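Below is final_19.txt, which holds compact mmCIF, C-alpha atoms and all ligand atoms.
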# COMPACT_ATOMS: atom_id res chain seq x y z
CA MET A 1 -62.69 56.53 -8.16
CA THR A 2 -59.03 57.27 -7.59
CA HIS A 3 -56.20 55.17 -8.95
CA THR A 4 -52.45 55.32 -8.68
CA TYR A 5 -51.81 53.82 -12.11
CA ASP A 6 -53.08 55.34 -15.34
CA ILE A 7 -52.39 52.02 -17.03
CA GLU A 8 -52.05 48.65 -15.37
CA PHE A 9 -51.36 45.28 -17.01
CA ARG A 10 -51.75 42.09 -14.99
CA ASP A 11 -50.49 38.93 -16.71
CA VAL A 12 -51.68 40.16 -20.10
CA SER A 13 -51.21 38.17 -23.30
CA VAL A 14 -52.36 39.38 -26.73
CA SER A 15 -52.42 37.34 -29.95
CA TYR A 16 -53.17 37.92 -33.62
CA ASP A 17 -54.81 34.81 -35.06
CA HIS A 18 -53.34 32.72 -32.22
CA LEU A 19 -49.83 34.05 -32.82
CA PRO A 20 -48.71 35.67 -29.57
CA ALA A 21 -47.60 39.31 -29.85
CA LEU A 22 -47.41 39.90 -26.08
CA GLU A 23 -47.04 37.31 -23.35
CA HIS A 24 -47.56 37.62 -19.58
CA ILE A 25 -47.08 41.38 -19.34
CA SER A 26 -47.42 42.78 -15.82
CA PHE A 27 -46.56 46.36 -14.90
CA GLY A 28 -48.14 49.69 -14.05
CA ILE A 29 -47.65 53.24 -15.29
CA PRO A 30 -48.19 55.64 -12.38
CA THR A 31 -50.29 58.76 -12.85
CA GLY A 32 -48.14 61.74 -13.77
CA SER A 33 -45.09 59.74 -14.88
CA PHE A 34 -43.18 59.87 -18.17
CA TRP A 35 -42.59 56.41 -19.59
CA GLY A 36 -40.73 55.15 -22.60
CA ILE A 37 -41.87 51.89 -24.18
CA ILE A 38 -38.90 50.53 -26.09
CA GLY A 39 -38.04 47.44 -28.08
CA PRO A 40 -37.15 46.39 -31.62
CA ASN A 41 -39.60 46.34 -34.53
CA GLY A 42 -42.26 43.70 -34.01
CA SER A 43 -41.66 43.50 -30.24
CA GLY A 44 -45.28 44.38 -29.44
CA LYS A 45 -45.02 48.09 -28.55
CA SER A 46 -47.97 49.22 -30.67
CA THR A 47 -49.92 46.14 -29.61
CA LEU A 48 -49.41 47.10 -25.96
CA VAL A 49 -50.63 50.64 -26.56
CA LYS A 50 -53.66 49.50 -28.58
CA THR A 51 -54.54 47.04 -25.83
CA ALA A 52 -54.37 49.80 -23.22
CA LEU A 53 -56.70 51.90 -25.40
CA GLY A 54 -59.21 49.07 -25.81
CA LEU A 55 -58.54 48.76 -29.56
CA LEU A 56 -57.35 45.17 -29.05
CA LYS A 57 -58.73 42.66 -26.60
CA PRO A 58 -56.27 40.60 -24.56
CA ALA A 59 -56.44 36.81 -24.86
CA GLN A 60 -55.58 36.61 -21.19
CA GLY A 61 -55.08 38.85 -18.18
CA THR A 62 -56.47 42.13 -16.91
CA VAL A 63 -55.92 45.65 -18.23
CA ARG A 64 -56.96 48.80 -16.38
CA THR A 65 -56.77 52.18 -18.07
CA LEU A 66 -57.62 55.21 -15.91
CA GLY A 67 -58.92 52.65 -13.45
CA HIS A 68 -61.34 51.06 -15.94
CA ASP A 69 -61.64 48.17 -18.33
CA PRO A 70 -60.41 49.79 -21.58
CA ALA A 71 -63.41 48.35 -23.48
CA ASP A 72 -65.58 50.36 -21.14
CA LEU A 73 -63.93 53.77 -20.90
CA GLY A 74 -66.95 55.79 -22.03
CA SER A 75 -66.41 59.52 -21.58
CA LEU A 76 -62.98 58.89 -19.99
CA ARG A 77 -61.77 58.32 -23.56
CA SER A 78 -61.60 62.09 -24.00
CA ARG A 79 -59.02 62.22 -21.21
CA ILE A 80 -56.62 60.28 -23.42
CA GLY A 81 -54.65 61.86 -26.24
CA TYR A 82 -53.30 59.34 -28.73
CA VAL A 83 -51.03 59.85 -31.72
CA PRO A 84 -50.89 56.49 -33.51
CA GLN A 85 -47.81 55.22 -35.30
CA TYR A 86 -47.96 56.18 -39.01
CA ALA A 87 -50.43 58.97 -38.24
CA ALA A 88 -50.62 60.72 -41.57
CA LEU A 89 -52.14 63.84 -42.97
CA ASP A 90 -53.64 64.18 -46.41
CA PHE A 91 -51.48 66.80 -48.08
CA THR A 92 -53.48 66.77 -51.31
CA PHE A 93 -56.28 68.58 -49.50
CA PRO A 94 -55.50 72.19 -48.57
CA LEU A 95 -55.74 72.48 -44.81
CA GLN A 96 -54.56 75.09 -42.38
CA VAL A 97 -52.73 74.01 -39.27
CA ILE A 98 -55.55 75.26 -37.02
CA ASP A 99 -58.13 73.11 -38.87
CA VAL A 100 -55.99 70.01 -38.39
CA VAL A 101 -55.77 70.69 -34.65
CA ALA A 102 -59.53 71.33 -34.40
CA MET A 103 -60.08 67.84 -35.89
CA GLY A 104 -59.04 66.54 -32.49
CA LEU A 105 -62.38 67.87 -31.22
CA TYR A 106 -64.51 65.92 -33.72
CA GLY A 107 -64.97 63.15 -31.20
CA LYS A 108 -66.64 65.75 -28.99
CA ILE A 109 -68.42 67.98 -31.48
CA GLY A 110 -69.27 65.49 -34.25
CA LEU A 111 -67.76 65.37 -37.70
CA PHE A 112 -70.35 67.50 -39.50
CA ARG A 113 -70.95 70.18 -36.93
CA ARG A 114 -69.43 73.57 -37.39
CA VAL A 115 -66.13 74.41 -35.81
CA THR A 116 -67.05 77.41 -33.69
CA ARG A 117 -64.94 80.30 -32.41
CA ARG A 118 -64.62 78.47 -29.12
CA HIS A 119 -63.25 75.40 -30.87
CA ARG A 120 -60.74 77.56 -32.71
CA LEU A 121 -59.75 79.08 -29.36
CA LEU A 122 -59.14 75.61 -27.93
CA ALA A 123 -57.13 74.73 -31.03
CA MET A 124 -55.01 77.86 -30.57
CA GLU A 125 -54.37 76.90 -26.94
CA ALA A 126 -53.24 73.44 -28.03
CA LEU A 127 -50.95 75.00 -30.65
CA ALA A 128 -49.46 77.24 -27.98
CA ARG A 129 -48.64 74.15 -25.91
CA VAL A 130 -46.53 72.81 -28.76
CA GLN A 131 -45.13 76.30 -29.44
CA MET A 132 -46.67 76.43 -32.90
CA GLN A 133 -49.25 79.21 -32.50
CA GLU A 134 -47.58 81.43 -35.09
CA PHE A 135 -48.07 78.65 -37.65
CA SER A 136 -51.85 78.44 -37.17
CA GLU A 137 -52.74 79.78 -40.62
CA ARG A 138 -50.01 78.00 -42.55
CA GLN A 139 -50.86 75.22 -44.93
CA ILE A 140 -50.02 71.91 -43.31
CA SER A 141 -48.16 70.88 -46.48
CA ALA A 142 -45.73 73.79 -45.98
CA LEU A 143 -44.41 72.51 -42.64
CA SER A 144 -41.31 70.44 -41.91
CA GLY A 145 -41.59 66.87 -40.58
CA GLY A 146 -40.91 67.96 -37.01
CA GLN A 147 -43.48 70.76 -37.21
CA ARG A 148 -46.12 68.38 -38.61
CA GLN A 149 -45.45 65.97 -35.78
CA ARG A 150 -46.05 68.79 -33.28
CA VAL A 151 -49.32 69.65 -35.02
CA LEU A 152 -50.41 66.01 -34.68
CA ILE A 153 -49.56 66.17 -30.98
CA ALA A 154 -51.51 69.44 -30.66
CA ARG A 155 -54.47 67.64 -32.27
CA ALA A 156 -54.20 65.02 -29.50
CA LEU A 157 -53.82 67.74 -26.83
CA VAL A 158 -56.83 69.80 -27.88
CA VAL A 159 -59.18 67.73 -25.68
CA ASN A 160 -56.90 68.54 -22.72
CA PRO A 161 -56.05 64.92 -21.89
CA SER A 162 -54.52 63.72 -18.63
CA LEU A 163 -52.81 60.85 -20.45
CA LEU A 164 -50.89 61.32 -23.71
CA ILE A 165 -49.71 58.32 -25.74
CA LEU A 166 -47.27 58.90 -28.62
CA ASP A 167 -46.46 55.86 -30.75
CA GLU A 168 -43.08 56.41 -32.48
CA PRO A 169 -43.51 60.16 -32.99
CA THR A 170 -39.95 60.52 -34.28
CA ALA A 171 -40.03 57.66 -36.79
CA ALA A 172 -40.03 59.98 -39.81
CA LEU A 173 -37.64 62.56 -38.34
CA ASP A 174 -33.88 63.02 -38.62
CA HIS A 175 -31.68 62.92 -35.53
CA ASN A 176 -31.79 66.65 -34.76
CA SER A 177 -35.55 66.93 -35.21
CA SER A 178 -36.00 63.85 -32.98
CA GLU A 179 -33.86 65.40 -30.26
CA GLY A 180 -35.88 68.61 -30.54
CA LEU A 181 -39.14 66.71 -30.20
CA TYR A 182 -37.91 64.72 -27.18
CA ASP A 183 -36.77 67.92 -25.47
CA TRP A 184 -40.05 69.54 -26.18
CA ILE A 185 -42.08 66.52 -24.91
CA SER A 186 -40.00 66.54 -21.71
CA THR A 187 -40.91 70.19 -21.21
CA LEU A 188 -44.58 69.42 -21.81
CA HIS A 189 -44.39 66.70 -19.16
CA ARG A 190 -42.69 68.96 -16.62
CA GLU A 191 -45.10 71.82 -17.16
CA SER A 192 -48.37 69.93 -17.51
CA GLY A 193 -47.88 67.05 -15.08
CA MET A 194 -49.78 64.81 -17.49
CA THR A 195 -48.88 61.15 -17.84
CA ILE A 196 -46.91 60.68 -21.05
CA ILE A 197 -46.14 57.38 -22.75
CA LEU A 198 -43.59 57.58 -25.51
CA VAL A 199 -43.14 54.53 -27.72
CA THR A 200 -39.87 54.33 -29.60
CA HIS A 201 -37.11 52.07 -30.79
CA ASP A 202 -34.70 54.96 -30.21
CA ILE A 203 -33.53 53.48 -26.93
CA GLY A 204 -30.40 55.40 -25.94
CA VAL A 205 -31.82 58.82 -26.63
CA VAL A 206 -35.19 58.32 -25.01
CA SER A 207 -33.56 57.02 -21.81
CA GLU A 208 -32.20 60.49 -21.17
CA HIS A 209 -35.67 61.99 -21.13
CA VAL A 210 -38.10 59.57 -19.45
CA ASP A 211 -38.53 58.64 -15.75
CA SER A 212 -39.06 54.96 -16.50
CA ILE A 213 -38.92 52.53 -19.35
CA ALA A 214 -40.54 49.24 -20.25
CA CYS A 215 -38.34 47.06 -22.48
CA LEU A 216 -40.40 44.74 -24.67
CA ASN A 217 -39.56 41.79 -26.79
CA ARG A 218 -42.94 40.04 -26.81
CA THR A 219 -42.39 39.55 -23.09
CA LEU A 220 -41.54 42.39 -20.72
CA VAL A 221 -37.76 42.05 -20.59
CA ALA A 222 -37.32 44.70 -17.90
CA HIS A 223 -38.96 47.83 -16.57
CA GLY A 224 -38.03 50.59 -14.18
CA ARG A 225 -35.76 53.62 -14.11
CA PRO A 226 -33.46 53.87 -17.15
CA GLU A 227 -30.32 53.74 -15.01
CA ASP A 228 -31.55 50.53 -13.35
CA VAL A 229 -32.63 48.62 -16.44
CA MET A 230 -30.45 49.82 -19.31
CA HIS A 231 -27.72 47.24 -18.87
CA ALA A 232 -26.19 44.81 -21.31
CA PRO A 233 -28.31 41.74 -20.34
CA THR A 234 -31.57 43.67 -20.80
CA ILE A 235 -30.49 44.98 -24.16
CA GLU A 236 -29.30 41.57 -25.28
CA ASN A 237 -32.61 40.03 -24.26
CA MET A 238 -34.40 42.72 -26.18
CA TYR A 239 -32.34 42.92 -29.35
CA GLY A 240 -30.39 39.68 -29.39
CA CYS A 241 -26.62 39.68 -29.22
CA GLY A 242 -26.39 41.88 -32.32
CA ALA A 243 -26.56 44.89 -30.02
CA LEU A 244 -23.46 46.85 -29.12
CA LEU A 245 -23.51 48.87 -25.95
CA PHE A 246 -21.34 51.81 -25.16
CA GLY A 247 -21.31 54.29 -22.31
CA HIS A 248 -22.22 57.94 -22.70
CA GLY A 249 -23.00 60.05 -19.67
CA ASP A 250 -25.08 58.23 -17.09
CA VAL A 251 -27.08 56.15 -19.48
CA PRO A 252 -25.66 53.60 -21.88
CA HIS A 253 -26.18 54.24 -25.56
CA MET A 254 -26.31 51.55 -28.13
CA VAL A 255 -26.11 50.73 -31.77
CA VAL A 256 -28.07 47.83 -33.15
CA ARG A 257 -26.35 45.70 -35.73
CA ARG A 258 -28.54 44.13 -38.35
CA ASN A 259 -30.12 41.11 -36.76
CA GLU A 260 -31.85 38.60 -39.04
CA ASP A 261 -33.81 36.91 -36.29
CA ASN A 262 -34.91 38.87 -33.28
CA GLY A 263 -36.91 35.96 -31.98
CA ARG A 264 -40.06 36.23 -34.06
CA SER A 265 -39.20 34.22 -37.13
CA LYS A 266 -39.54 30.98 -35.20
CA ASN A 267 -43.27 31.71 -35.23
CA GLY A 268 -43.23 31.79 -38.99
CA GLU A 269 -43.91 35.53 -39.09
CA THR A 270 -42.45 37.72 -41.70
CA GLY A 271 -42.43 41.17 -40.25
CA GLY A 272 -43.98 43.94 -38.26
N1 LIG A 301 -52.91 43.40 -37.44
C1 LIG A 301 -52.01 42.43 -37.26
N2 LIG A 301 -52.23 41.18 -37.69
C2 LIG A 301 -51.34 40.19 -37.49
N3 LIG A 301 -50.17 40.35 -36.84
C3 LIG A 301 -49.88 41.58 -36.39
C4 LIG A 301 -50.78 42.68 -36.56
N4 LIG A 301 -50.23 43.77 -36.00
C5 LIG A 301 -49.05 43.38 -35.51
N5 LIG A 301 -48.82 42.07 -35.74
C6 LIG A 301 -47.65 41.30 -35.31
O1 LIG A 301 -47.52 41.39 -33.91
C7 LIG A 301 -46.17 41.60 -33.54
C8 LIG A 301 -46.03 42.90 -32.75
O2 LIG A 301 -46.35 43.99 -33.61
P1 LIG A 301 -46.34 45.49 -33.11
O3 LIG A 301 -47.11 45.59 -31.85
O4 LIG A 301 -46.78 46.33 -34.25
O5 LIG A 301 -44.79 45.71 -32.79
P2 LIG A 301 -43.96 47.08 -32.67
O6 LIG A 301 -44.93 48.20 -32.51
O7 LIG A 301 -43.08 46.86 -31.50
O8 LIG A 301 -43.17 47.20 -33.94
C9 LIG A 301 -45.37 41.58 -34.85
O9 LIG A 301 -44.86 40.29 -35.03
C10 LIG A 301 -46.40 41.90 -35.89
O10 LIG A 301 -46.06 41.30 -37.12
MG MG A 302 -45.22 49.91 -33.56
Transcribe the structure of this file into C-alpha cells.
Amino acid sequence: MTHTYDIEFRDVSVSYDHLPALEHISFGIPTGSFWGIIGPNGSGKSTLVKTALGLLKPAQGTVRTLGHDPADLGSLRSRIGYVPQYAALDFTFPLQVIDVVAMGLYGKIGLFRRVTRRHRLLAMEALARVQMQEFSERQISALSGGQRQRVLIARALVVNPSLLILDEPTAALDHNSSEGLYDWISTLHRESGMTIILVTHDIGVVSEHVDSIACLNRTLVAHGRPEDVMHAPTIENMYGCGALLFGHGDVPHMVVRRNEDNGRSKNGETGG
C-alpha cells in the first residue's frame, strides 16, 4: 500500500498515569522529508516519537506509521532506524566500532547468532554512510562524543531504513560538534532521500537544516516550514515569554532565559 506520509497523527493525545503529555496533535510527516521536532524539555518530543514507534499507546486519536497502526508494524519495523535519547554504550566492555554497528542487525539475525562476513560488510557500508569507515577497528571508548554519536547512527542505518528518527542526537555534544552532526545529517538526507526526523531543543540551529518543523509544548504550537513558523508568537507559546528572539540570516535565532514554569508545573509534575 502506498502512503504519502511516513508518520501521521490525527487528534492524538498521550498520557502518563492520566497526566497528559501530548494533547490533540494532528500533523503528517511526508515521505522523504527532513523534519525537526522542537520544544523545551518536557514538551512531549520523546513521547511523540515513542508513540509513532508504537512504544506508547495513545489515549485518544489515530497514529499511522508507514501507513500502519504502529502497534502492528511487523516486518516494517526494520524499515525504521531509531536512535533513542540517552542512547548509551557500555565503555567498560571492550568493543570495536564495527561490532557496535553490527548490533543494529540483532533484530534481524538474533542476539546469539554469529555475526557473519556479510553482516560485517553491511556494518562497513553503514559506517561509510557516516564517514567513519576508517574507524571500524577502533575501540568505541577511544572515540570523541561526535564520533560515538555517528556510530550510533550507523547502528540505526545498518538495516537500511527508509525512515530515520534521531532523538536529541546532539544533547551531549558541544556547539561545534553539534553543527558538524547537523551538516552531516543534512548531507545524508540529500543523498539518501530517506525521511529523517530530528528531535532537538536546539531550535535556531536546526531550523537552518530541516525542511519543516513541528513546535511542541504538549500541544502542537505550530508546524510547517521554518521560515513560516519561527516567529515570536510561536516561540513564546513554546517557551513562555522567557525567550529572546533575534534575527540571523533568514531564520530567527533565539536564546532561552531560565524559565521556572514552562506550563507543566500546574499539573504538579516535577520534571522531564
Ligand atoms: N515514563 C514516564 N512516566 C511519567 N511521566 C513521563 C514519563 N516520560 C515522560 N513523562 C512526562 O511527560 C512529559 C513529556 O516528556 P518527554 O516526552 O520526555 O518530553 P521531551 O522529550 O520534550 O523532553 C514530561 O512532563 C515528562 O515528565
Ligand atoms: Mg526527550
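Minimum atom-to-atom distances from A:Pro70, A:Gly146, A:Pro20, A:Gly44 to ligand LIG 301 (chain A) were compared using all atoms listed in the file, and the lowest value belongs to A:Gly44.
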Given a cut-off of 10 Å, what residues near ligand MG 302 (chain A) show up using all atoms listed in the file, put as a count of residues only?
23
From the set A:Asp69, A:Glu8, A:Asp183, A:Glu23, which residue has the shortest atom-to-atom contact distance to A:Val221, counting all atoms listed in the file?
A:Glu23
Between atom CA of A:Leu105 and atom O4 of ligand LIG 301 (chain A), what distance in Å does the model show, to one decimal?
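Separation between atom CA of A:Leu105 and atom O4 of ligand LIG 301 (chain A): 26.8 Å.
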Six-sided padding of 6 Å per side, axis-aligned box over ligand LIG 301 (chain A), centre and edges in Å, one decimal, as JSON:
{"center_x": -48.0, "center_y": 44.2, "center_z": -34.6, "size_x": 21.8, "size_y": 20.0, "size_z": 18.2}
With only C-alpha atoms as the basis for distance, which of A:Val100, A:Val83, A:Val229, A:Leu121 is at the shortest distance from A:Ile203?
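Closest to A:Ile203, using only C-alpha atoms: A:Val229.
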What does the distance between atom CA of A:Thr116 and atom CA of A:Gly81 come to in Å, to one decimal place?
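That distance, rounded to one decimal, is 21.2 Å.
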Skip A:Ala52 itself and residues of its chain fewer than 2 positions away, then list as a PDB file with C-alpha atoms, in the coordinates of the input all residues within 12 Å of it, counting only C-alpha atoms.
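Here's the written file around11.pdb:
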ATOM      1  CA  ASP A   6     -53.080  55.340 -15.340  1.00  0.00           C
ATOM      2  CA  ILE A   7     -52.390  52.020 -17.030  1.00  0.00           C
ATOM      3  CA  GLU A   8     -52.050  48.650 -15.370  1.00  0.00           C
ATOM      4  CA  PHE A   9     -51.360  45.280 -17.010  1.00  0.00           C
ATOM      5  CA  ARG A  10     -51.750  42.090 -14.990  1.00  0.00           C
ATOM      6  CA  VAL A  12     -51.680  40.160 -20.100  1.00  0.00           C
ATOM      7  CA  VAL A  14     -52.360  39.380 -26.730  1.00  0.00           C
ATOM      8  CA  ILE A  25     -47.080  41.380 -19.340  1.00  0.00           C
ATOM      9  CA  PHE A  27     -46.560  46.360 -14.900  1.00  0.00           C
ATOM     10  CA  GLY A  28     -48.140  49.690 -14.050  1.00  0.00           C
ATOM     11  CA  ILE A  29     -47.650  53.240 -15.290  1.00  0.00           C
ATOM     12  CA  LYS A  45     -45.020  48.090 -28.550  1.00  0.00           C
ATOM     13  CA  SER A  46     -47.970  49.220 -30.670  1.00  0.00           C
ATOM     14  CA  THR A  47     -49.920  46.140 -29.610  1.00  0.00           C
ATOM     15  CA  LEU A  48     -49.410  47.100 -25.960  1.00  0.00           C
ATOM     16  CA  VAL A  49     -50.630  50.640 -26.560  1.00  0.00           C
ATOM     17  CA  LYS A  50     -53.660  49.500 -28.580  1.00  0.00           C
ATOM     18  CA  GLY A  54     -59.210  49.070 -25.810  1.00  0.00           C
ATOM     19  CA  LEU A  55     -58.540  48.760 -29.560  1.00  0.00           C
ATOM     20  CA  LEU A  56     -57.350  45.170 -29.050  1.00  0.00           C
ATOM     21  CA  LYS A  57     -58.730  42.660 -26.600  1.00  0.00           C
ATOM     22  CA  PRO A  58     -56.270  40.600 -24.560  1.00  0.00           C
ATOM     23  CA  THR A  62     -56.470  42.130 -16.910  1.00  0.00           C
ATOM     24  CA  VAL A  63     -55.920  45.650 -18.230  1.00  0.00           C
ATOM     25  CA  ARG A  64     -56.960  48.800 -16.380  1.00  0.00           C
ATOM     26  CA  THR A  65     -56.770  52.180 -18.070  1.00  0.00           C
ATOM     27  CA  LEU A  66     -57.620  55.210 -15.910  1.00  0.00           C
ATOM     28  CA  GLY A  67     -58.920  52.650 -13.450  1.00  0.00           C
ATOM     29  CA  HIS A  68     -61.340  51.060 -15.940  1.00  0.00           C
ATOM     30  CA  ASP A  69     -61.640  48.170 -18.330  1.00  0.00           C
ATOM     31  CA  PRO A  70     -60.410  49.790 -21.580  1.00  0.00           C
ATOM     32  CA  ALA A  71     -63.410  48.350 -23.480  1.00  0.00           C
ATOM     33  CA  ASP A  72     -65.580  50.360 -21.140  1.00  0.00           C
ATOM     34  CA  LEU A  73     -63.930  53.770 -20.900  1.00  0.00           C
ATOM     35  CA  ARG A  77     -61.770  58.320 -23.560  1.00  0.00           C
ATOM     36  CA  ILE A  80     -56.620  60.280 -23.420  1.00  0.00           C
ATOM     37  CA  TYR A  82     -53.300  59.340 -28.730  1.00  0.00           C
ATOM     38  CA  LEU A 163     -52.810  60.850 -20.450  1.00  0.00           C
ATOM     39  CA  ILE A 165     -49.710  58.320 -25.740  1.00  0.00           C
ATOM     40  CA  ILE A 197     -46.140  57.380 -22.750  1.00  0.00           C
TER      41      ILE A 197
END
So what do you get for atom CA of A:Ser186 versus atom CA of A:Val206, distance-wise?
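Interatomic distance, atom CA of A:Ser186 to atom CA of A:Val206: 10.1 Å.
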Within 8 Å of (-62.4, 72.9, -35.3) (coordinates as in the file), grab all the protein and nucleic acid residues, counting all atoms listed in the file, and write them out as a list in words.
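Answer for this query, in the requested form: Ile98, Asp99, Val100, Val101, Ala102, Met103, Gly104, Leu105, Tyr106, Arg114, Val115, Thr116, His119, Arg120 and Ala123 of chain A.
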Looking at A:Ser13, A:Ser207, A:Gln149, A:Ser162, which one is nearest to ligand LIG 301 (chain A), with distances taken over all atoms listed in the file?
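The closest residue to ligand LIG 301 (chain A) is A:Ser13.
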Between A:Leu143, A:Leu166, A:Met124, A:Leu188, which is the closest to ligand LIG 301 (chain A) once you count all atoms listed in the file?
A:Leu166
From the options A:Asn217, A:Asn160, A:Gln147, A:Ser178, which residue's atoms come nearest to ligand LIG 301 (chain A), counting only C-alpha atoms and all ligand atoms?
A:Asn217
Expected answer as a ChimeraX atom specification: all residues with atoms within 10 Å of (-51.8, 80.7, -41.8), only C-alpha atoms:
/A:95-98,133-140
